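Colleague: Structure incoming, see below.
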Amino acid sequence: MKRFIVAAALSVLSAAPLLAQTPGQRPPGQQGAPPQPPAAGPGEIRGTVVDAQSSAPVPSASVEVWSTADSALVAGAIARPDGTFRIQGLRPATYYLRVSMMGYGPQRTGQLTVEAASPRANAGNIGLERRALVLETIDVEAERPAISIAPDRNSYSTRDVAPAATTASEVLESVPSVQVDADGKVSLRGNENVVVQINGRPSPIRGEQLAGYLRQLPANVLDRVEVIPNPSARHDPEGMAGIINIVLKQNVDLGLSGGLTLAASTADRYTGSGNLGYQAGAATWFISYGFNTDNRDQVGVNDRTRLGAQRAPISYSEQDIRGAQGNGGHNFNGTLDYRLGGRDVVSNALMLNVRGATEDALSAYTELDGTRLLLDAYERVRDSRTDNWMADYTLAWKRTIEPRTHELSAEVRVNANDEDDLTSLWRQTTSGRALTDAETNQTDARQYQLTGQVDYTRGLAQRTKLETGYKGNARWMDREFTVMRDVLGTGAWVRDDLSNALEFDETVNAVYGVLSHGTGKLELQGGLRAEYATREFSLASSGESFPHSYTSLFPSGLASYNLSDRTQVKLSYSRRIRRPGTQELNPFPNFFDLQNVFVGNPRLNPEYTDAIELGLQHSGPMGSVQLSPFYRRTTDVIRFIVDTDDVVAGREVTSISFKNLDTGSSWGADLNGTLRMGQRFNGLAAFNVFKMVTEGTSGEASLGTDAVTWSARFNGTFNVTPRTSFTAMYFYRAPMQIEGGKFDAMGFANLALRQKLYGERMNVTLRLSDPFNTQRFRVRAGDDNLIQLTERAFTSRAVHLALQYNFGRPPRVRQPRQDQPQDGGTPFGGR
């Protein structure tokens with residue numbers, strides 16, 4: 001199977017040109033013309049851009065289509081060499097055009113009406129007046145809305161929802177339905193099993209590594225964040241909660257452009273980043289570099305109360321934690337696109353990340369009997385160092401015969417990741433002497449991944465489109481975990497039986513087909529993805545192997561109906577999968593402190609989720625509102641199993657293992673709204689409520705849970721003057737029940753003041769994070785044997801100062817990259 005994956009991936013690019021030797025023909029008069037968006041409606045607007053004095057054509061002029069009803073940007077195009085343009089895919093409505101070109105003054109046309117009975121509107125000749133070109137700062141006011149709603153996704157503009165953010169992690173904190181915890185882990189609607197994509201490709205790293213990467217990715221290179229709760233069968237089915245797609249800025253201005261950001265805070269956090277882009281002729285390239293260092297103090301408790309008959313306390317173990325965590329690293333992103341003629345594009349994308357993390361913690365233990373008499377007092381020290389590097393390269397080819405209607409693409413992606421971790425622990429007296437029970441844990445993990453895929457899109461008829469393709473993925477991981485112990489503190493180190501080594505191999509082969517069709521106000525989409533997956537989990541120390549293979553089908557469906565030009569209702573369905581990770585599979589104990597340990601289950605099965613979502617959305621001149629009730633049912637649910645009375649490696653501990661429960665259900669609703677009051681204020685509010693129910697297997701009903709929780713978020717920006725703005729953000733999550741425990745409520749706020757200098761070239765931002773010092777983590781868990789309280793608080797309240805400088809030509813209307821939909825685009829091939 002590995003050989004098949006490698007052969008398929010390496011043959012993708014060599015075979016792709018042979019698959020497209022018989023291209024379709026363009027309509028007459030459009031040979032060599034820039035690609036236009038495909039039809040979402042029957043209407044079109046055509047015309048010619050000319051010099052007002054000489055009547056000569058003005059090639060490459062930017063033509064924007066704006067809706068008269070709500071002043072929203074609908075579509076755009078570039079005039080052909082003869083000055084003509086033709087913009088298709090417009091729904092019946094009233095529009096106006098805005099035409100601009102360097103060296104000319106902008107021109108706005110009168111109203112143009114597209115009717116169902118008469119779908120073609122002719123703007124005639126649009127004359128541009130010559131204007132002297134002055135090479136100085138130009139103020140550009142962007143009108144793109146903060147949120148763009150499409151049938152399958154919501155897109156959030158980075159500059160609107162998080163104007164003061166310096167990292168990608170801070171941007172995600174401001175996106176509705178998305179939460180980022182104190183460790184940087186991302187969840188969607190309360191579910192951490194969400195796939196994070198970068199430019200439409202799944203992130204090759206997960207967990208703590210992904211959290212560290214997002215803290216180093218500069219916010220100024222992010223264009224938008226797309227939330228896709230019910231992806232179609234074209235997407236990978238991983239991620240029970242859906243997909244969060246981070247779209248980086250890649251459509252650079254014509255010519256040379258770039259930016260520089262420097263930021264510092266009172267909490268010992270520093271960020272520096274820069275980006276540079278260039279577009280000329282057939283080549284477009286974009287590079288960015290970011291450096292981040294984040295050092296935070298942490299305090300917390302980990303108290304355990306052991307219970308006896310009638311839940312009477314037998315003993316108390318109280319643990320007070322003080323320490324510091326540090327994260328820092330370097331991040332590089334680079335893309336190079338080269339156009340081969342008018343139809344073929346070869347793309348290269350490179351991601352490099354080097355990250356380091358430290359943790360120094362001192363835990364003061366107090367052991368008491370049931371009457372709270374002192375039995376013992378001592379300290380335990382934890383000193384941890386982690387080094388990680390990641391390299392990811394993608395080579396892609398795409399032939400565009402008709403944009404988003406007839407396309408063929410192929411790509412090969414390779415990824416390598418290496419992580420080294422060394423943790424030292426020891427016990428000492430409260431005076432810091434008499435070191436005993438010393439231990440070192442060293443982890444050396446390597447992972448390699450190879451992906452190959454081919455995608456084909458073909459328009460079958462008016463507003464009917466077929467998408468199909470193949471994807472193969474292979475992943476190999478080796479991990480060595482070495483435990484050395486010096487029980488008496490004499491320097492005599494002995495290898496412990498907890499040492500282990502594992503190998504993990506996984507392959508997934510998938511084919512898919514998605515058919516989309518629109519008729520009148522109704523848009524329909526149905527798809528099916530079939531996968532065959534294998535995994536083999538091997539323990540080198542014991543020679544045990546746990547192979548597993550399975551076949552899965554993932555149907556998807558979407559129906560969208562336009563009640564009016566401003567109101568839409570939709571219904572979507574998809575099936576998702578969560579494959580267990582290596583930590584959940586590894587049966588060797590992994591202590592994360594003296595009293596708590598992870599123990600994996602190598603016989604875990606994947607869990608499957610069927611998700612249904614109903615959506616109602618309405619937009620108007622002052623904003624939009626969206627209501628999305630949802631329901632998810634999961635089979636073979638993977639859940640934490642907490643045993644408070646376990647003994648592992650001779651220690652009385654609380655163990656956390658994993659088990660497939662029978663079923664789990666969650667249902668709830670998202671309510672999102674935006675408000676824009678002219679140029680003075682724009683805001684975004686979101687409310688999310690959901691109920692989770694899990695059912696244990698027969699005889700294990702106590703493992704189930706039945707809980708309701710909710711969260712709310714508000715972002716608002718008030719423009720004090722055209723150059724000065726004030727932004728406020730607040731997030732709150734209500735208490736949440738889990739199996740055997742409860743998460744306490746959590747909330748935090750951010751305030752920012754932003755000042756523009758030199759037009760749009762420079763801005764200075766002063767931000768106050770968590771002014772009320774409420775961002776903390778607290779969970780209670782227990783049973784009839786033990787009650788445990790865990791709490792952590794990090795240095796989150798701080799003042800941040802950021803300086804951002806941009807240079808280059810002013811933005812121009814350009815065709816989007818074909819592998820990314822336009823804001824507000826639809827999966828049906830148009831608006």
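Simple scheme: letters A, B, ... for chains in structure tokens order, numbers from 1 for residues in each chain, numbers from 1 for ligands in the order shown.
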Need the shell around Asp643 (chain A): protein/DNA/RNA residues with any atom at most 10 Å away, counting only C-alpha atoms. Skip same-chain ones fewer than 6 positions apart. Format as an mmCIF file with all heavy atoms, in the first residue's frame?
Modeller:
data_model
loop_
_atom_site.group_PDB
_atom_site.id
_atom_site.type_symbol
_atom_site.label_atom_id
_atom_site.label_comp_id
_atom_site.auth_asym_id
_atom_site.auth_seq_id
_atom_site.Cartn_x
_atom_site.Cartn_y
_atom_site.Cartn_z
ATOM 1 N N ASN A 596 -1.290 12.219 38.080
ATOM 2 C CA ASN A 596 -2.173 12.071 36.932
ATOM 3 C C ASN A 596 -1.412 11.444 35.771
ATOM 4 O O ASN A 596 -0.268 11.829 35.480
ATOM 5 C CB ASN A 596 -2.732 13.432 36.510
ATOM 6 C CG ASN A 596 -3.611 14.053 37.583
ATOM 7 O OD1 ASN A 596 -4.792 13.779 37.675
ATOM 8 N ND2 ASN A 596 -3.022 14.918 38.405
ATOM 9 N N VAL A 653 -2.777 6.952 41.692
ATOM 10 C CA VAL A 653 -2.931 8.062 40.752
ATOM 11 C C VAL A 653 -4.373 8.132 40.265
ATOM 12 O O VAL A 653 -5.175 7.212 40.463
ATOM 13 C CB VAL A 653 -1.997 7.896 39.530
ATOM 14 C CG1 VAL A 653 -0.541 7.939 39.949
ATOM 15 C CG2 VAL A 653 -2.321 6.603 38.781
ATOM 16 N N THR A 654 -4.657 9.248 39.594
ATOM 17 C CA THR A 654 -5.866 9.370 38.776
ATOM 18 C C THR A 654 -5.452 9.097 37.337
ATOM 19 O O THR A 654 -4.637 9.839 36.774
ATOM 20 C CB THR A 654 -6.473 10.771 38.895
ATOM 21 O OG1 THR A 654 -6.913 10.988 40.236
ATOM 22 C CG2 THR A 654 -7.654 10.925 37.952
ATOM 23 N N SER A 655 -5.977 8.026 36.772
ATOM 24 C CA SER A 655 -5.610 7.668 35.398
ATOM 25 C C SER A 655 -6.693 8.138 34.435
ATOM 26 O O SER A 655 -7.885 8.153 34.764
ATOM 27 C CB SER A 655 -5.404 6.160 35.265
ATOM 28 O OG SER A 655 -6.624 5.470 35.468
ATOM 29 N N ILE A 656 -6.264 8.534 33.260
ATOM 30 C CA ILE A 656 -7.166 8.953 32.192
ATOM 31 C C ILE A 656 -6.923 8.031 31.007
ATOM 32 O O ILE A 656 -5.840 8.041 30.414
ATOM 33 C CB ILE A 656 -6.934 10.413 31.804
ATOM 34 C CG1 ILE A 656 -7.187 11.333 33.012
ATOM 35 C CG2 ILE A 656 -7.838 10.813 30.641
ATOM 36 C CD1 ILE A 656 -6.889 12.779 32.745
ATOM 37 N N SER A 657 -7.902 7.218 30.688
ATOM 38 C CA SER A 657 -7.796 6.309 29.554
ATOM 39 C C SER A 657 -8.896 6.663 28.555
ATOM 40 O O SER A 657 -9.622 7.638 28.723
ATOM 41 C CB SER A 657 -7.911 4.850 30.017
ATOM 42 O OG SER A 657 -9.135 4.649 30.704
ATOM 43 N N GLY A 740 -17.956 12.587 34.292
ATOM 44 C CA GLY A 740 -17.282 12.529 35.586
ATOM 45 C C GLY A 740 -16.803 13.859 36.106
ATOM 46 O O GLY A 740 -16.003 13.898 37.054
ATOM 47 N N GLY A 782 -14.461 13.675 39.668
ATOM 48 C CA GLY A 782 -14.415 12.740 40.790
ATOM 49 C C GLY A 782 -15.509 11.704 40.726
ATOM 50 O O GLY A 782 -16.347 11.688 39.820
ATOM 51 N N ASP A 783 -15.472 10.831 41.740
ATOM 52 C CA ASP A 783 -16.480 9.792 41.882
ATOM 53 C C ASP A 783 -16.609 9.483 43.369
ATOM 54 O O ASP A 783 -16.279 10.323 44.213
ATOM 55 C CB ASP A 783 -16.094 8.548 41.064
ATOM 56 C CG ASP A 783 -14.693 8.036 41.393
ATOM 57 O OD1 ASP A 783 -14.171 8.356 42.494
ATOM 58 O OD2 ASP A 783 -14.123 7.311 40.565
ATOM 59 N N ASN A 785 -14.830 7.617 45.126
ATOM 60 C CA ASN A 785 -13.539 7.361 45.767
ATOM 61 C C ASN A 785 -12.694 8.611 45.954
ATOM 62 O O ASN A 785 -11.887 8.691 46.885
ATOM 63 C CB ASN A 785 -12.730 6.358 44.934
ATOM 64 C CG ASN A 785 -13.446 5.032 44.781
ATOM 65 O OD1 ASN A 785 -13.912 4.449 45.764
ATOM 66 N ND2 ASN A 785 -13.553 4.565 43.544
ATOM 67 N N LEU A 786 -12.861 9.595 45.062
ATOM 68 C CA LEU A 786 -11.949 10.740 45.086
ATOM 69 C C LEU A 786 -12.590 11.944 44.419
ATOM 70 O O LEU A 786 -13.355 11.796 43.463
ATOM 71 C CB LEU A 786 -10.631 10.374 44.391
ATOM 72 C CG LEU A 786 -9.524 11.412 44.376
ATOM 73 C CD1 LEU A 786 -8.168 10.752 44.610
ATOM 74 C CD2 LEU A 786 -9.502 12.147 43.039
#
Colleague: Tell me, as a list in words, which residues lie within 9 Å of Asn660 (chain A), counting only C-alpha atoms; anything in the same chain fewer than 5 positions away does not count.
Modeller: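 In the requested form, the answer reads Leu604, Asn605, Pro606, Glu607, Thr635, Asp636, Val637, Ile638, Arg639, Gly696 and Thr697 of chain A.
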Colleague: Give me, as an MDAnalysis selection string, all polymer residues having an atom no more than 7 Å from Ser549 (chain A), counting only C-alpha atoms and skipping those fewer than 5 positions away in the same chain.
Modeller: chainID A and resid 533:535
Colleague: Store the residues picked out above in a file with C-alpha atoms, as an mmCIF file, in the first residue's frame.
Modeller:
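Done, and the output landed in again32.cif:
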data_model
loop_
_atom_site.group_PDB
_atom_site.id
_atom_site.type_symbol
_atom_site.label_atom_id
_atom_site.label_comp_id
_atom_site.auth_asym_id
_atom_site.auth_seq_id
_atom_site.Cartn_x
_atom_site.Cartn_y
_atom_site.Cartn_z
ATOM 1 C CA ALA A 533 -7.833 3.196 5.436
ATOM 2 C CA THR A 534 -5.240 1.068 7.190
ATOM 3 C CA ARG A 535 -3.231 1.656 10.330
#
Colleague: Any idea what's packed within 9 Å of Leu571 (chain A), counting only C-alpha atoms, ignoring anything in its chain fewer than 2 positions away? Could you give it as a ChimeraX atom specification?
Modeller: /A:151,557-560,569,573,612-615
Colleague: Based on the selection just made, write all heavy atoms of those residues as a CSV table (one decimal), in the first residue's frame.
Modeller:
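Output (part_38.csv):
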chain,number,residue,atom,x,y,z
A,151,PRO,N,-23.5,29.5,1.2
A,151,PRO,CA,-24.3,28.3,1.6
A,151,PRO,C,-23.5,27.3,2.5
A,151,PRO,O,-24.1,26.7,3.4
A,151,PRO,CB,-24.8,27.7,0.3
A,151,PRO,CG,-24.9,28.9,-0.6
A,151,PRO,CD,-23.7,29.8,-0.2
A,557,GLY,N,-24.8,16.5,1.5
A,557,GLY,CA,-25.8,17.1,0.8
A,557,GLY,C,-26.1,18.6,1.2
A,557,GLY,O,-25.8,18.9,2.4
A,558,LEU,N,-26.5,19.4,0.3
A,558,LEU,CA,-26.8,20.8,0.6
A,558,LEU,C,-27.9,21.3,-0.3
A,558,LEU,O,-27.9,21.0,-1.5
A,558,LEU,CB,-25.5,21.6,0.4
A,558,LEU,CG,-25.7,23.2,0.5
A,558,LEU,CD1,-26.0,23.6,1.9
A,558,LEU,CD2,-24.4,23.8,0.0
A,559,ALA,N,-28.9,22.0,0.3
A,559,ALA,CA,-30.0,22.6,-0.4
A,559,ALA,C,-30.1,24.0,0.0
A,559,ALA,O,-30.1,24.3,1.2
A,559,ALA,CB,-31.3,21.9,-0.2
A,560,SER,N,-30.1,25.0,-0.9
A,560,SER,CA,-30.1,26.4,-0.6
A,560,SER,C,-31.2,27.0,-1.4
A,560,SER,O,-31.3,26.8,-2.6
A,560,SER,CB,-28.8,27.0,-0.9
A,560,SER,OG,-28.9,28.4,-0.7
A,569,VAL,N,-32.4,30.5,2.8
A,569,VAL,CA,-32.6,29.4,3.8
A,569,VAL,C,-31.8,28.2,3.2
A,569,VAL,O,-31.8,28.0,2.0
A,569,VAL,CB,-34.0,29.0,4.0
A,569,VAL,CG1,-34.7,28.6,2.7
A,569,VAL,CG2,-34.2,28.0,5.1
A,573,TYR,N,-26.1,18.5,5.2
A,573,TYR,CA,-25.8,17.2,5.9
A,573,TYR,C,-24.4,16.8,5.4
A,573,TYR,O,-24.0,16.9,4.3
A,573,TYR,CB,-26.8,16.2,5.5
A,573,TYR,CG,-26.3,14.8,5.9
A,573,TYR,CD1,-26.4,14.3,7.2
A,573,TYR,CD2,-25.7,13.9,4.9
A,573,TYR,CE1,-25.9,13.0,7.5
A,573,TYR,CE2,-25.3,12.7,5.2
A,573,TYR,CZ,-25.4,12.2,6.5
A,573,TYR,OH,-24.9,11.0,6.8
A,612,ILE,N,-26.3,17.5,10.8
A,612,ILE,CA,-27.3,18.2,10.0
A,612,ILE,C,-27.4,19.6,10.5
A,612,ILE,O,-27.4,19.9,11.7
A,612,ILE,CB,-28.7,17.5,10.2
A,612,ILE,CG1,-28.6,16.0,9.7
A,612,ILE,CG2,-29.8,18.2,9.4
A,612,ILE,CD1,-29.9,15.3,9.9
A,613,GLU,N,-27.5,20.5,9.6
A,613,GLU,CA,-27.6,21.9,10.0
A,613,GLU,C,-28.6,22.7,9.1
A,613,GLU,O,-28.6,22.5,7.9
A,613,GLU,CB,-26.2,22.6,9.8
A,613,GLU,CG,-26.2,24.1,10.2
A,613,GLU,CD,-24.8,24.7,10.4
A,613,GLU,OE1,-24.0,24.0,11.0
A,613,GLU,OE2,-24.6,25.8,9.9
A,614,LEU,N,-29.4,23.5,9.7
A,614,LEU,CA,-30.4,24.3,9.0
A,614,LEU,C,-29.9,25.8,9.2
A,614,LEU,O,-29.5,26.2,10.3
A,614,LEU,CB,-31.8,24.1,9.6
A,614,LEU,CG,-32.9,25.0,9.1
A,614,LEU,CD1,-33.2,24.6,7.6
A,614,LEU,CD2,-34.2,24.8,9.9
A,615,GLY,N,-30.0,26.5,8.1
A,615,GLY,CA,-29.6,27.9,8.2
A,615,GLY,C,-30.6,28.9,7.6
A,615,GLY,O,-31.2,28.6,6.6
Colleague: Taking 5 positions as the minimum chain separation for residues in the same chain, which residues sit within 9 Å of Thr358 (chain A) when counting only C-alpha atoms? Answer as a PDB file with C-alpha atoms, in the first residue's frame.
Modeller:
ATOM      1  CA  ASN A 295       6.736  33.964  28.267  1.00  0.00           C
ATOM      2  CA  ALA A 324       6.638  29.848  33.985  1.00  0.00           C
ATOM      3  CA  GLN A 325       5.992  28.744  30.427  1.00  0.00           C
ATOM      4  CA  GLY A 326       7.859  29.989  27.405  1.00  0.00           C
ATOM      5  CA  ASN A 327       7.186  29.632  23.690  1.00  0.00           C
ATOM      6  CA  ASP A 383      11.894  21.386  34.158  1.00  0.00           C
ATOM      7  CA  SER A 384      10.898  20.784  30.536  1.00  0.00           C
ATOM      8  CA  ARG A 385      12.481  21.730  27.190  1.00  0.00           C
ATOM      9  CA  THR A 386      10.944  21.044  23.769  1.00  0.00           C
TER      10      THR A 386
END
Colleague: Take CA of Tyr561 (chain A) and CA of Ala77 (chain A) and report the distance between them in Å, one decimal.
Modeller: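 Calculated distance between CA of Tyr561 (chain A) and CA of Ala77 (chain A) is 27.0 Å.
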